[in-house]
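A.B. asks: Pasting upload38.cif here (mmCIF, C-alpha atoms and all ligand atoms):
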```cif
data_input
loop_
_atom_site.label_atom_id
_atom_site.label_comp_id
_atom_site.auth_asym_id
_atom_site.auth_seq_id
_atom_site.Cartn_x
_atom_site.Cartn_y
_atom_site.Cartn_z
CA MET U 1 21.32 14.25 5.25
CA PRO U 2 22.09 11.21 3.05
CA THR U 3 22.28 12.07 -0.62
CA LYS U 4 23.04 8.68 -2.17
CA ILE U 5 20.01 6.42 -2.26
CA GLY U 6 19.68 2.84 -3.50
CA PHE U 7 16.08 2.04 -4.50
CA ILE U 8 14.79 -1.51 -5.08
CA GLY U 9 11.35 -2.25 -6.57
CA LEU U 10 10.06 0.04 -9.31
CA GLY U 11 6.55 -1.30 -9.81
CA ASN U 12 3.29 0.63 -9.64
CA MET U 13 4.36 2.40 -6.46
CA GLY U 14 8.17 2.45 -6.53
CA GLY U 15 8.11 3.53 -10.18
CA GLY U 16 6.41 6.75 -9.09
CA MET U 17 8.36 7.26 -5.87
CA ALA U 18 11.97 6.99 -7.07
CA PRO U 19 11.67 9.85 -9.62
CA ASN U 20 10.38 12.15 -6.86
CA LEU U 21 13.64 11.61 -4.97
CA VAL U 22 15.55 12.64 -8.09
CA LYS U 23 13.39 15.78 -8.37
CA ALA U 24 14.26 16.59 -4.75
CA GLY U 25 17.98 16.43 -5.57
CA PHE U 26 18.94 12.95 -4.33
CA GLU U 27 21.27 10.72 -6.30
CA VAL U 28 19.19 7.60 -6.90
CA ARG U 29 20.55 4.26 -8.09
CA VAL U 30 17.78 1.79 -8.85
CA PHE U 31 17.18 -1.90 -9.48
CA ASP U 32 14.16 -3.99 -10.44
CA LEU U 33 13.88 -7.50 -11.88
CA SER U 34 11.83 -5.97 -14.71
CA ALA U 35 13.92 -4.38 -17.45
CA GLU U 36 10.96 -2.20 -18.52
CA ALA U 37 10.50 -0.82 -15.02
CA LEU U 38 14.22 -0.11 -14.81
CA GLN U 39 14.15 1.69 -18.17
CA ARG U 40 11.23 3.91 -17.11
CA ALA U 41 13.14 4.94 -13.97
CA VAL U 42 16.23 5.77 -16.02
CA GLU U 43 14.10 7.98 -18.26
CA ALA U 44 12.95 9.76 -15.09
CA GLY U 45 16.54 10.56 -14.08
CA CYS U 46 17.55 7.58 -11.90
CA SER U 47 20.70 5.62 -12.66
CA ALA U 48 20.30 1.89 -13.28
CA ALA U 49 22.22 -0.83 -11.46
CA GLY U 50 22.68 -4.36 -12.76
CA SER U 51 21.67 -5.97 -9.46
CA ALA U 52 20.20 -5.12 -6.08
CA ALA U 53 23.69 -5.44 -4.58
CA ALA U 54 25.09 -2.92 -7.08
CA ALA U 55 22.22 -0.49 -6.37
CA VAL U 56 23.00 -0.37 -2.63
CA GLN U 57 26.80 -0.23 -2.95
CA GLY U 58 27.97 2.96 -1.22
CA ALA U 59 24.39 4.11 -0.57
CA GLU U 60 23.73 6.05 2.63
CA CYS U 61 20.07 5.10 2.44
CA VAL U 62 18.35 2.08 0.88
CA ILE U 63 14.64 2.17 0.09
CA SER U 64 12.58 -0.84 -1.01
CA MET U 65 9.04 -1.09 -2.36
CA LEU U 66 8.45 -4.79 -2.90
CA PRO U 67 5.33 -6.97 -3.25
CA ASN U 68 5.39 -8.95 0.02
CA GLY U 69 7.25 -10.08 3.13
CA ALA U 70 8.60 -13.31 1.64
CA ILE U 71 10.40 -11.28 -1.04
CA VAL U 72 11.62 -8.65 1.45
CA GLU U 73 13.03 -11.28 3.84
CA SER U 74 14.54 -13.34 1.06
CA LEU U 75 16.24 -10.38 -0.62
CA TYR U 76 17.63 -8.68 2.49
CA ILE U 77 18.33 -11.67 4.74
CA ASP U 78 17.98 -15.18 3.33
CA ALA U 79 19.53 -14.80 -0.12
CA GLU U 80 23.15 -15.88 -0.60
CA PRO U 81 24.66 -13.34 -0.25
CA ALA U 82 22.12 -11.32 1.70
CA LEU U 83 21.54 -7.77 0.51
CA LEU U 84 22.22 -6.54 4.06
CA ASP U 85 25.81 -7.77 3.59
CA HIS U 86 26.26 -5.30 0.74
CA ILE U 87 24.96 -2.30 2.69
CA GLY U 88 27.50 -0.24 4.61
CA ALA U 89 27.41 0.04 8.41
CA GLY U 90 25.69 3.27 9.47
CA ALA U 91 23.35 3.26 6.46
CA LEU U 92 19.59 3.63 6.86
CA VAL U 93 17.23 1.05 5.33
CA ILE U 94 13.63 2.15 4.77
CA ASP U 95 11.33 -0.66 3.70
CA CYS U 96 8.09 0.86 2.36
CA SER U 97 6.54 -2.50 1.36
CA THR U 98 3.41 -3.66 3.18
CA VAL U 99 4.50 -6.80 5.06
CA ALA U 100 3.79 -8.49 8.40
CA ALA U 101 5.12 -6.60 11.43
CA ALA U 102 7.14 -9.74 12.26
CA SER U 103 8.97 -9.48 8.92
CA SER U 104 9.83 -5.83 9.61
CA ARG U 105 11.10 -6.69 13.10
CA ARG U 106 13.24 -9.49 11.71
CA LEU U 107 14.71 -7.14 9.09
CA ALA U 108 15.43 -4.49 11.75
CA ALA U 109 17.11 -7.04 14.03
CA GLU U 110 19.26 -8.51 11.25
CA ALA U 111 20.22 -5.01 10.11
CA GLN U 112 21.17 -4.02 13.65
CA LYS U 113 23.63 -6.94 13.83
CA ARG U 114 25.49 -5.29 10.94
CA GLY U 115 25.34 -1.75 12.38
CA ILE U 116 22.55 -0.74 9.98
CA ASN U 117 19.33 0.98 11.05
CA ALA U 118 16.20 -0.38 9.38
CA ILE U 119 12.71 1.04 9.70
CA ASP U 120 9.35 -0.02 8.27
CA ALA U 121 7.52 2.77 6.44
CA PRO U 122 4.48 1.36 4.62
CA VAL U 123 2.33 3.87 2.79
CA SER U 124 -1.23 4.98 2.45
CA GLY U 125 -2.25 6.44 -0.89
CA GLY U 126 -2.14 4.62 -4.18
CA VAL U 127 -0.35 4.91 -7.47
CA ALA U 128 -1.52 8.50 -8.08
CA ALA U 129 -0.26 9.60 -4.65
CA ALA U 130 3.07 7.85 -5.30
CA ALA U 131 3.51 9.79 -8.55
CA ALA U 132 2.33 13.09 -7.02
CA ALA U 133 4.53 12.74 -3.90
CA THR U 134 1.49 12.91 -1.60
CA LEU U 135 1.81 9.53 0.15
CA ALA U 136 1.37 9.12 3.90
CA PHE U 137 4.21 7.12 5.51
CA MET U 138 3.64 5.17 8.74
CA CYS U 139 7.04 4.54 10.28
CA GLY U 140 8.17 1.97 12.80
CA GLY U 141 11.63 2.23 14.33
CA SER U 142 13.68 4.26 16.77
CA GLU U 143 12.96 7.99 17.01
CA THR U 144 16.44 8.75 15.69
CA ALA U 145 16.07 6.49 12.66
CA CYS U 146 12.56 7.78 11.88
CA GLU U 147 13.76 11.39 12.14
CA ALA U 148 16.67 10.59 9.82
CA ALA U 149 14.18 9.15 7.33
CA ARG U 150 11.79 12.13 7.51
CA PRO U 151 13.46 14.46 4.98
CA ILE U 152 13.81 11.60 2.50
CA LEU U 153 10.23 10.43 2.94
CA SER U 154 9.00 14.04 2.73
CA ALA U 155 10.29 14.13 -0.85
CA MET U 156 7.80 11.36 -1.67
CA GLY U 157 4.85 12.18 0.55
CA SER U 158 2.95 14.85 2.40
CA ASN U 159 2.62 13.12 5.78
CA VAL U 160 5.25 11.19 7.74
CA PHE U 161 4.09 9.59 11.00
CA ARG U 162 6.06 7.61 13.56
CA ALA U 163 3.71 4.91 14.89
CA GLY U 164 6.22 3.46 17.35
CA ASP U 165 9.06 0.95 17.40
CA SER U 166 9.97 -1.53 14.68
CA GLY U 167 6.87 -3.14 13.14
CA ALA U 168 4.53 -0.40 14.43
CA GLY U 169 4.27 1.19 10.98
CA GLN U 170 2.97 -2.12 9.62
CA VAL U 171 0.44 -2.43 12.44
CA ALA U 172 -0.86 1.10 11.75
CA LYS U 173 -1.10 0.28 8.05
CA ILE U 174 -3.18 -2.89 8.50
CA CYS U 175 -5.47 -1.24 11.07
CA ASN U 176 -6.12 1.57 8.60
CA ASN U 177 -6.73 -0.74 5.65
CA MET U 178 -8.98 -3.07 7.64
CA LEU U 179 -11.11 -0.05 8.56
CA LEU U 180 -11.05 1.14 4.95
CA ALA U 181 -12.34 -2.26 3.75
CA VAL U 182 -15.10 -2.23 6.36
CA HIS U 183 -16.40 1.26 5.53
CA MET U 184 -16.13 0.67 1.79
CA ILE U 185 -18.28 -2.47 2.10
CA GLY U 186 -20.77 -0.70 4.39
CA THR U 187 -21.00 2.22 1.97
CA ALA U 188 -21.57 -0.09 -1.00
CA GLU U 189 -24.35 -2.07 0.68
CA ALA U 190 -26.09 1.09 1.93
CA LEU U 191 -26.02 2.63 -1.54
CA GLN U 192 -27.40 -0.55 -3.08
CA LEU U 193 -30.20 -0.75 -0.51
CA GLY U 194 -31.23 2.80 -1.41
CA VAL U 195 -31.06 2.12 -5.14
CA ASP U 196 -33.11 -1.07 -4.72
CA HIS U 197 -35.79 1.12 -3.17
CA GLY U 198 -35.76 3.59 -6.04
CA LEU U 199 -33.38 6.23 -4.67
CA ASP U 200 -30.91 8.05 -6.87
CA PRO U 201 -27.45 6.99 -5.58
CA ALA U 202 -26.17 10.58 -6.02
CA VAL U 203 -29.01 12.01 -3.91
CA LEU U 204 -28.56 9.29 -1.27
CA SER U 205 -24.80 9.99 -1.22
CA ASP U 206 -25.45 13.71 -0.66
CA ILE U 207 -27.81 12.92 2.21
CA MET U 208 -25.39 10.50 3.92
CA LEU U 209 -22.47 12.89 3.42
CA LYS U 210 -24.29 15.40 5.60
CA SER U 211 -25.55 12.75 8.02
CA SER U 212 -24.04 10.33 10.49
CA GLY U 213 -23.14 7.78 7.77
CA CYS U 214 -20.49 10.11 6.34
CA ASN U 215 -17.14 8.39 5.85
CA TRP U 216 -14.02 8.56 3.64
CA SER U 217 -15.30 6.06 1.05
CA LEU U 218 -18.44 8.14 0.54
CA GLU U 219 -16.60 11.43 0.62
CA LYS U 220 -13.61 10.68 -1.59
CA TYR U 221 -14.14 7.35 -3.33
CA ASN U 222 -17.84 6.72 -3.98
CA PRO U 223 -18.17 3.08 -5.13
CA TYR U 224 -21.40 3.56 -7.09
CA PRO U 225 -20.75 4.14 -10.83
CA GLY U 226 -21.47 7.64 -12.05
CA VAL U 227 -21.91 9.36 -8.69
CA MET U 228 -18.44 10.85 -8.53
CA ALA U 229 -16.26 11.77 -11.50
CA SER U 230 -12.63 10.65 -11.63
CA VAL U 231 -12.89 7.73 -9.19
CA PRO U 232 -12.44 4.09 -10.31
CA ALA U 233 -16.21 3.42 -10.03
CA SER U 234 -16.75 5.80 -12.93
CA ARG U 235 -14.25 4.03 -15.18
CA GLU U 236 -15.34 0.40 -14.78
CA TYR U 237 -13.20 0.11 -11.62
CA GLN U 238 -9.94 0.32 -13.56
CA GLY U 239 -6.85 1.76 -11.83
CA GLY U 240 -6.79 2.54 -8.11
CA PHE U 241 -6.15 0.03 -5.32
CA MET U 242 -6.54 -3.57 -6.45
CA VAL U 243 -8.87 -6.10 -4.81
CA ASN U 244 -5.85 -8.47 -4.61
CA LEU U 245 -3.89 -5.92 -2.54
CA MET U 246 -6.85 -5.36 -0.22
CA LYS U 247 -7.10 -9.14 0.23
CA LYS U 248 -3.39 -9.25 1.07
CA ASP U 249 -3.74 -6.44 3.66
CA LEU U 250 -6.82 -8.06 5.24
CA GLY U 251 -4.88 -11.33 5.44
CA LEU U 252 -2.08 -9.53 7.30
CA ALA U 253 -4.63 -7.90 9.62
CA LEU U 254 -6.22 -11.24 10.49
CA GLU U 255 -2.85 -12.92 11.02
CA ALA U 256 -1.98 -10.09 13.41
CA ALA U 257 -5.33 -10.47 15.19
CA LEU U 258 -4.70 -14.19 15.66
CA ARG U 259 -1.30 -13.47 17.14
CA SER U 260 -2.66 -10.97 19.66
CA GLN U 261 -5.98 -12.83 20.15
CA SER U 262 -7.81 -9.62 19.25
CA TYR U 263 -11.42 -9.73 18.08
CA THR U 264 -11.80 -8.47 14.52
CA PRO U 265 -15.17 -9.81 13.36
CA MET U 266 -15.73 -6.98 10.88
CA GLY U 267 -12.25 -7.50 9.44
CA ALA U 268 -12.89 -11.25 9.12
CA LEU U 269 -16.16 -10.61 7.31
CA ALA U 270 -14.49 -8.06 5.07
CA GLN U 271 -11.82 -10.63 4.18
CA SER U 272 -14.48 -13.20 3.28
CA LEU U 273 -16.43 -10.69 1.20
CA TYR U 274 -13.34 -9.57 -0.70
CA GLY U 275 -12.39 -13.23 -1.25
CA LEU U 276 -15.88 -13.96 -2.58
CA HIS U 277 -15.86 -10.85 -4.74
CA SER U 278 -12.46 -11.58 -6.25
CA GLN U 279 -13.90 -14.69 -7.96
CA ALA U 280 -17.59 -13.71 -8.11
CA GLY U 281 -19.57 -15.05 -11.06
CA GLY U 282 -16.56 -16.98 -12.29
CA SER U 283 -14.75 -13.78 -13.25
CA ASP U 284 -11.36 -12.68 -11.98
CA ASN U 285 -11.96 -9.37 -10.23
CA GLY U 286 -8.61 -9.36 -8.45
CA GLU U 287 -7.18 -6.56 -10.54
CA LEU U 288 -10.20 -4.29 -10.29
CA ASP U 289 -10.18 -1.42 -7.83
CA PHE U 290 -11.38 -2.43 -4.35
CA SER U 291 -14.49 -0.20 -4.62
CA SER U 292 -15.76 -2.76 -7.19
CA ILE U 293 -17.11 -4.65 -4.14
CA GLN U 294 -20.22 -2.62 -5.10
CA ARG U 295 -20.84 -5.24 -7.80
CA LEU U 296 -21.23 -7.97 -5.18
CA PHE U 297 -24.42 -6.27 -4.00
CA SER U 298 -25.89 -5.25 -7.34
CA LYS U 299 -28.88 -6.90 -8.98
CA PRO U 300 -29.10 -7.30 -12.76
CA SER U 301 -32.40 -5.36 -12.76
CA THR U 302 -30.75 -2.21 -11.37
CA GLY U 303 -28.63 -1.83 -14.50
CA GLU U 304 -25.48 -2.32 -12.44
CA SER U 305 -23.11 -4.97 -13.78
P1 LIG U 401 4.24 -4.09 -7.96
O1 LIG U 401 4.06 -5.55 -8.07
O2 LIG U 401 3.66 -3.20 -9.01
O3 LIG U 401 5.81 -3.73 -7.87
C1 LIG U 401 6.76 -4.49 -7.20
C2 LIG U 401 8.06 -4.43 -7.99
O4 LIG U 401 9.05 -5.15 -7.28
C3 LIG U 401 7.95 -5.07 -9.39
O5 LIG U 401 8.38 -4.13 -10.36
C4 LIG U 401 8.88 -6.27 -9.29
O6 LIG U 401 9.55 -6.56 -10.52
C5 LIG U 401 9.86 -5.82 -8.22
N1 LIG U 401 10.55 -6.93 -7.57
C6 LIG U 401 10.02 -8.05 -7.04
N2 LIG U 401 10.99 -8.81 -6.49
C7 LIG U 401 12.15 -8.14 -6.67
C8 LIG U 401 13.50 -8.42 -6.32
N3 LIG U 401 13.86 -9.53 -5.67
N4 LIG U 401 14.43 -7.51 -6.67
C9 LIG U 401 14.09 -6.40 -7.32
N5 LIG U 401 12.83 -6.07 -7.68
C10 LIG U 401 11.87 -6.95 -7.36
O7 LIG U 401 3.68 -3.69 -6.53
P2 LIG U 401 3.21 -2.23 -6.04
O8 LIG U 401 1.77 -2.02 -6.38
O9 LIG U 401 4.22 -1.23 -6.46
O10 LIG U 401 3.24 -2.44 -4.45
C11 LIG U 401 4.46 -2.47 -3.73
C12 LIG U 401 4.14 -2.51 -2.25
O11 LIG U 401 3.36 -1.36 -1.90
C13 LIG U 401 3.32 -3.73 -1.83
O12 LIG U 401 3.82 -4.20 -0.62
C14 LIG U 401 1.90 -3.18 -1.70
O13 LIG U 401 1.12 -3.91 -0.78
C15 LIG U 401 2.18 -1.76 -1.23
N6 LIG U 401 1.13 -0.78 -1.57
C16 LIG U 401 0.62 -0.73 -2.84
C17 LIG U 401 -0.37 0.22 -3.13
C18 LIG U 401 -0.95 0.31 -4.53
O14 LIG U 401 -1.97 1.02 -4.70
N7 LIG U 401 -0.39 -0.34 -5.52
C19 LIG U 401 -0.81 1.12 -2.14
C20 LIG U 401 -0.24 1.06 -0.86
C21 LIG U 401 0.73 0.10 -0.60
#
```
Please render this file's structure as structure tokens.

C.D. replies:
Amino acid sequence: MPTKIGFIGLGNMGGGMAPNLVKAGFEVRVFDLSAEALQRAVEAGCSAAGSAAAAVQGAECVISMLPNGAIVESLYIDAEPALLDHIGAGALVIDCSTVAAASSRRLAAEAQKRGINAIDAPVSGGVAAAAAATLAFMCGGSETACEAARPILSAMGSNVFRAGDSGAGQVAKICNNMLLAVHMIGTAEALQLGVDHGLDPAVLSDIMLKSSGCNWSLEKYNPYPGVMASVPASREYQGGFMVNLMKKDLGLALEAALRSQSYTPMGALAQSLYGLHSQAGGSDNGELDFSSIQRLFSKPSTGES
């Protein structure tokens, strides 16, 4: 099993993931453009590199957790020199960023030309799951490469799935998040309808949890303030999974649907509603948790804001 890991991207997610590799006994050399993020990782036992190229030098495995596909493709492939040119032949690249499947396939193909295996392994679970090593990884790549990644990913998560060949992890990720957006919106509008007719949202939630409307949003992430302790709805929608990231994932889902000429009317509506919500009432809601879509349906008279 590889022991030397280069890790690029120590933001909300990567900043929690890299230290879990150290705890599991891997030697982790990290890089991020942010000096503060780099310092936090050093305090958690990682060793800092002065550049992405230095972080991957001699690494048997390279993991990245970056904001988007443009950054992933630029860093690994299009930059002069490309990061792939600093990674040794035979190494394994695991890109955990959420990007278009086409970006992951391009990365895998470019890596292959240099004798490097690259897989996509986007995650489900947010910042708390990244810190607690309970993420779910959805991998796309050859069986051999995904199996080689398994023990490394297991140090950062509790579930590691192989969805299929290169890009398949990204497809699984956007399908899941499109469905998540749809049932979160449906849950929010149902709760508001009940409240508008005088129901207690906690009582209505209990009823739907035991009825056919039961779903993950209702069970684990109730969007109505005060119904469930320790979810973002009960702390003014702070923390959690940002509206901006949900918008990004819905954008990727719709791009994929266009490519395959699939019908995703619920996903398209969800994208519009999240777009509307992100700027609703002239405020910037992009950094609120995605369950704040509840506010789009609330009326001033209900006491909801
Ligand atoms: P983030 O913006 O907090 O972190 C990204 C980090 O990458 C930043 O620290 C940034 O400085 C660094 N970075 C950017 N360009 C770089 C470069 N060229 N070289 C080195 N470092 C660079 O983002 P995040 O919330 O950690 O999300 C990362 C990925 O995980 C995204 O693709 C996101 O869609 C996905 N994701 C996020 C969540 C979540 O809840 N935050 C959940 C699931 C998936």

A.B. asks: Record the distance separating atom CA of U:Tyr237 and atom CA of U:Pro122, expressed in Å with one decimal.

C.D. replies: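 Those two atoms sit 24.0 Å apart.
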
A.B. asks: Give me the residues of chain U that have any atom at most 7 Å from an atom of ligand LIG 401 (chain U); for each, the nearest atom pair and the distance in Å, rounded to one decimal. Use only C-alpha atoms and all ligand atoms, sort by chain and number, and format it as a Markdown table.

C.D. replies:
```
| residue | atom | partner | partner_atom | distance |
| --- | --- | --- | --- | --- |
| U:Ile8 | CA | U:LIG401 | C9 | 5.4 |
| U:Gly9 | CA | U:LIG401 | O4 | 3.8 |
| U:Leu10 | CA | U:LIG401 | O5 | 4.6 |
| U:Gly11 | CA | U:LIG401 | O3 | 3.2 |
| U:Asn12 | CA | U:LIG401 | O9 | 3.8 |
| U:Met13 | CA | U:LIG401 | O9 | 3.6 |
| U:Gly14 | CA | U:LIG401 | O9 | 5.4 |
| U:Phe31 | CA | U:LIG401 | C9 | 5.9 |
| U:Asp32 | CA | U:LIG401 | N5 | 3.7 |
| U:Leu33 | CA | U:LIG401 | N5 | 4.6 |
| U:Ser34 | CA | U:LIG401 | O6 | 4.8 |
| U:Ala37 | CA | U:LIG401 | O5 | 6.1 |
| U:Ala52 | CA | U:LIG401 | N4 | 6.3 |
| U:Met65 | CA | U:LIG401 | C11 | 5.0 |
| U:Leu66 | CA | U:LIG401 | O4 | 4.4 |
| U:Pro67 | CA | U:LIG401 | C13 | 4.1 |
| U:Asn68 | CA | U:LIG401 | O12 | 5.0 |
| U:Ile71 | CA | U:LIG401 | N2 | 6.0 |
| U:Leu75 | CA | U:LIG401 | N3 | 5.6 |
| U:Cys96 | CA | U:LIG401 | O11 | 6.7 |
| U:Ser97 | CA | U:LIG401 | O12 | 3.8 |
| U:Thr98 | CA | U:LIG401 | O12 | 3.9 |
| U:Val99 | CA | U:LIG401 | O12 | 6.3 |
| U:Pro122 | CA | U:LIG401 | C21 | 6.5 |
| U:Val123 | CA | U:LIG401 | C20 | 5.3 |
| U:Ser124 | CA | U:LIG401 | C20 | 5.2 |
| U:Gly125 | CA | U:LIG401 | C19 | 5.7 |
| U:Gly126 | CA | U:LIG401 | O14 | 3.6 |
| U:Val127 | CA | U:LIG401 | O14 | 5.0 |
| U:Gly240 | CA | U:LIG401 | O14 | 6.1 |
| U:Phe241 | CA | U:LIG401 | O14 | 4.3 |
| U:Met242 | CA | U:LIG401 | O14 | 6.7 |
| U:Leu245 | CA | U:LIG401 | O13 | 5.7 |
```

A.B. asks: Please determine, counting only C-alpha atoms, which residue among U:Ile185, U:Ser262, U:Thr3, U:Lys247 has the shortest atom-to-atom distance to U:Gly275.

C.D. replies: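 Among the listed residues, the smallest separation from U:Gly275 belongs to U:Lys247.
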
A.B. asks: Could you pull the residues within 9 Å of stretch 157-168 of chain U, counting all atoms listed in the file, minus those fewer than 2 positions along the same chain, as a PyMOL selection string?

C.D. replies: chain U and resi 17+100-105+108+118-121+123+129-130+132-143+146-147+150+153-155+170-173

A.B. asks: Can you measure atom CA of U:Asp289 to atom CA of U:Val42 for me? One decimal in Å is fine.

C.D. replies: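 A separation of 28.6 Å between them.
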
A.B. asks: Mind checking which residues fall within 12 Å of U:Gly226, counting only C-alpha atoms, ignoring those fewer than 2 positions away in the same chain, and posting them as a list in words?

C.D. replies: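 After dropping sequence-adjacent residues, the list is Asp200, Pro201, Ala202, Val203, Ser205, Tyr221, Asn222, Pro223, Tyr224, Met228, Ala229, Ser230, Val231, Pro232, Ala233, Ser234, Arg235, Glu236, Tyr237 and Glu304 of chain U.
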
A.B. asks: I'd like the interatomic distance between atom CA of U:Pro151 and atom CA of U:Ala24, to a tenth of an Å.

C.D. replies: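 Atom CA of U:Pro151 sits 10.0 Å away from atom CA of U:Ala24.
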
A.B. asks: Please provide as a PyMOL selection string all residues within 9 Å of U:Glu27, with the sequence filter that same-chain residues fewer than 4 positions apart are discarded (counting all atoms listed in the file).

C.D. replies: chain U and resi 3-6+21-22+46-47

A.B. asks: Since we have the selection now, will you write its residues out, keeping C-alpha atoms, as a PDB file, in the frame of the given file?

C.D. replies:
```pdb
ATOM      1  CA  THR U   3      22.280  12.070  -0.620  1.00  0.00           C
ATOM      2  CA  LYS U   4      23.040   8.680  -2.170  1.00  0.00           C
ATOM      3  CA  ILE U   5      20.010   6.420  -2.260  1.00  0.00           C
ATOM      4  CA  GLY U   6      19.680   2.840  -3.500  1.00  0.00           C
ATOM      5  CA  LEU U  21      13.640  11.610  -4.970  1.00  0.00           C
ATOM      6  CA  VAL U  22      15.550  12.640  -8.090  1.00  0.00           C
ATOM      7  CA  CYS U  46      17.550   7.580 -11.900  1.00  0.00           C
ATOM      8  CA  SER U  47      20.700   5.620 -12.660  1.00  0.00           C
TER       9      SER U  47
END
```

A.B. asks: Within 12 Å of (27.9, -4.1, -3.9), all atoms listed in the file: residues as a short mmCIF file (atom, residue, chain, number, x, y, z; two decimals) with C-alpha atoms, in the coordinates of the input?

C.D. replies:
```
data_model
loop_
_atom_site.label_atom_id
_atom_site.label_comp_id
_atom_site.auth_asym_id
_atom_site.auth_seq_id
_atom_site.Cartn_x
_atom_site.Cartn_y
_atom_site.Cartn_z
CA GLY U 6 19.68 2.84 -3.50
CA ARG U 29 20.55 4.26 -8.09
CA ALA U 49 22.22 -0.83 -11.46
CA GLY U 50 22.68 -4.36 -12.76
CA SER U 51 21.67 -5.97 -9.46
CA ALA U 52 20.20 -5.12 -6.08
CA ALA U 53 23.69 -5.44 -4.58
CA ALA U 54 25.09 -2.92 -7.08
CA ALA U 55 22.22 -0.49 -6.37
CA VAL U 56 23.00 -0.37 -2.63
CA GLN U 57 26.80 -0.23 -2.95
CA GLY U 58 27.97 2.96 -1.22
CA ALA U 59 24.39 4.11 -0.57
CA PRO U 81 24.66 -13.34 -0.25
CA ALA U 82 22.12 -11.32 1.70
CA LEU U 83 21.54 -7.77 0.51
CA LEU U 84 22.22 -6.54 4.06
CA ASP U 85 25.81 -7.77 3.59
CA HIS U 86 26.26 -5.30 0.74
CA ILE U 87 24.96 -2.30 2.69
CA GLY U 88 27.50 -0.24 4.61
#
```

A.B. asks: Mind listing as a list in words all residues within 6 Å of (15.8, 1.0, 2.7), counting all atoms listed in the file?

C.D. replies: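 Returned residue set, sorted by chain then number, is Cys61, Val62, Ile63, Ser64, Val93, Ile94 and Asp95 of chain U.
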
A.B. asks: List the neighbours of stretch 248-252 of chain U out to 8 Å using all atoms listed in the file; skip same-chain residues closer than 4 positions along the sequence, and give me the result as a count of residues only.

C.D. replies: 12

A.B. asks: Which residue gives the smallest distance to U:Trp216 among U:Ser283, U:Ser278, U:Asn176, U:Gln238, with only C-alpha atoms counted?

C.D. replies: U:Asn176

A.B. asks: Which one is closest to U:Arg106: U:Val72, U:Cys214, U:Val28, U:Ala253? Count only C-alpha atoms.

C.D. replies: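 Of U:Val72, U:Cys214, U:Val28, U:Ala253, the one nearest U:Arg106 is U:Val72, counting only C-alpha atoms.
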
A.B. asks: Please put the answer as JSON: centre and edge lengths, in Å with one decimal, of a box along x, y and z that encloses all listed atoms of stretch 234-247 of chain U plus 5 Å on each side.

C.D. replies:
```
{"center_x": -10.3, "center_y": -1.7, "center_z": -7.5, "size_x": 22.9, "size_y": 24.9, "size_z": 25.4}
```

A.B. asks: Nearest residue to U:Pro19 out of U:Ala131, U:Leu269, U:Val195, U:Ala89, using all atoms listed in the file?

C.D. replies: U:Ala131

A.B. asks: Using only C-alpha atoms, which residue out of U:Met266, U:Ala48, U:His197, U:Glu219 lies closest to U:Ala35?

C.D. replies: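 Closest residue, counting only C-alpha atoms: U:Ala48.
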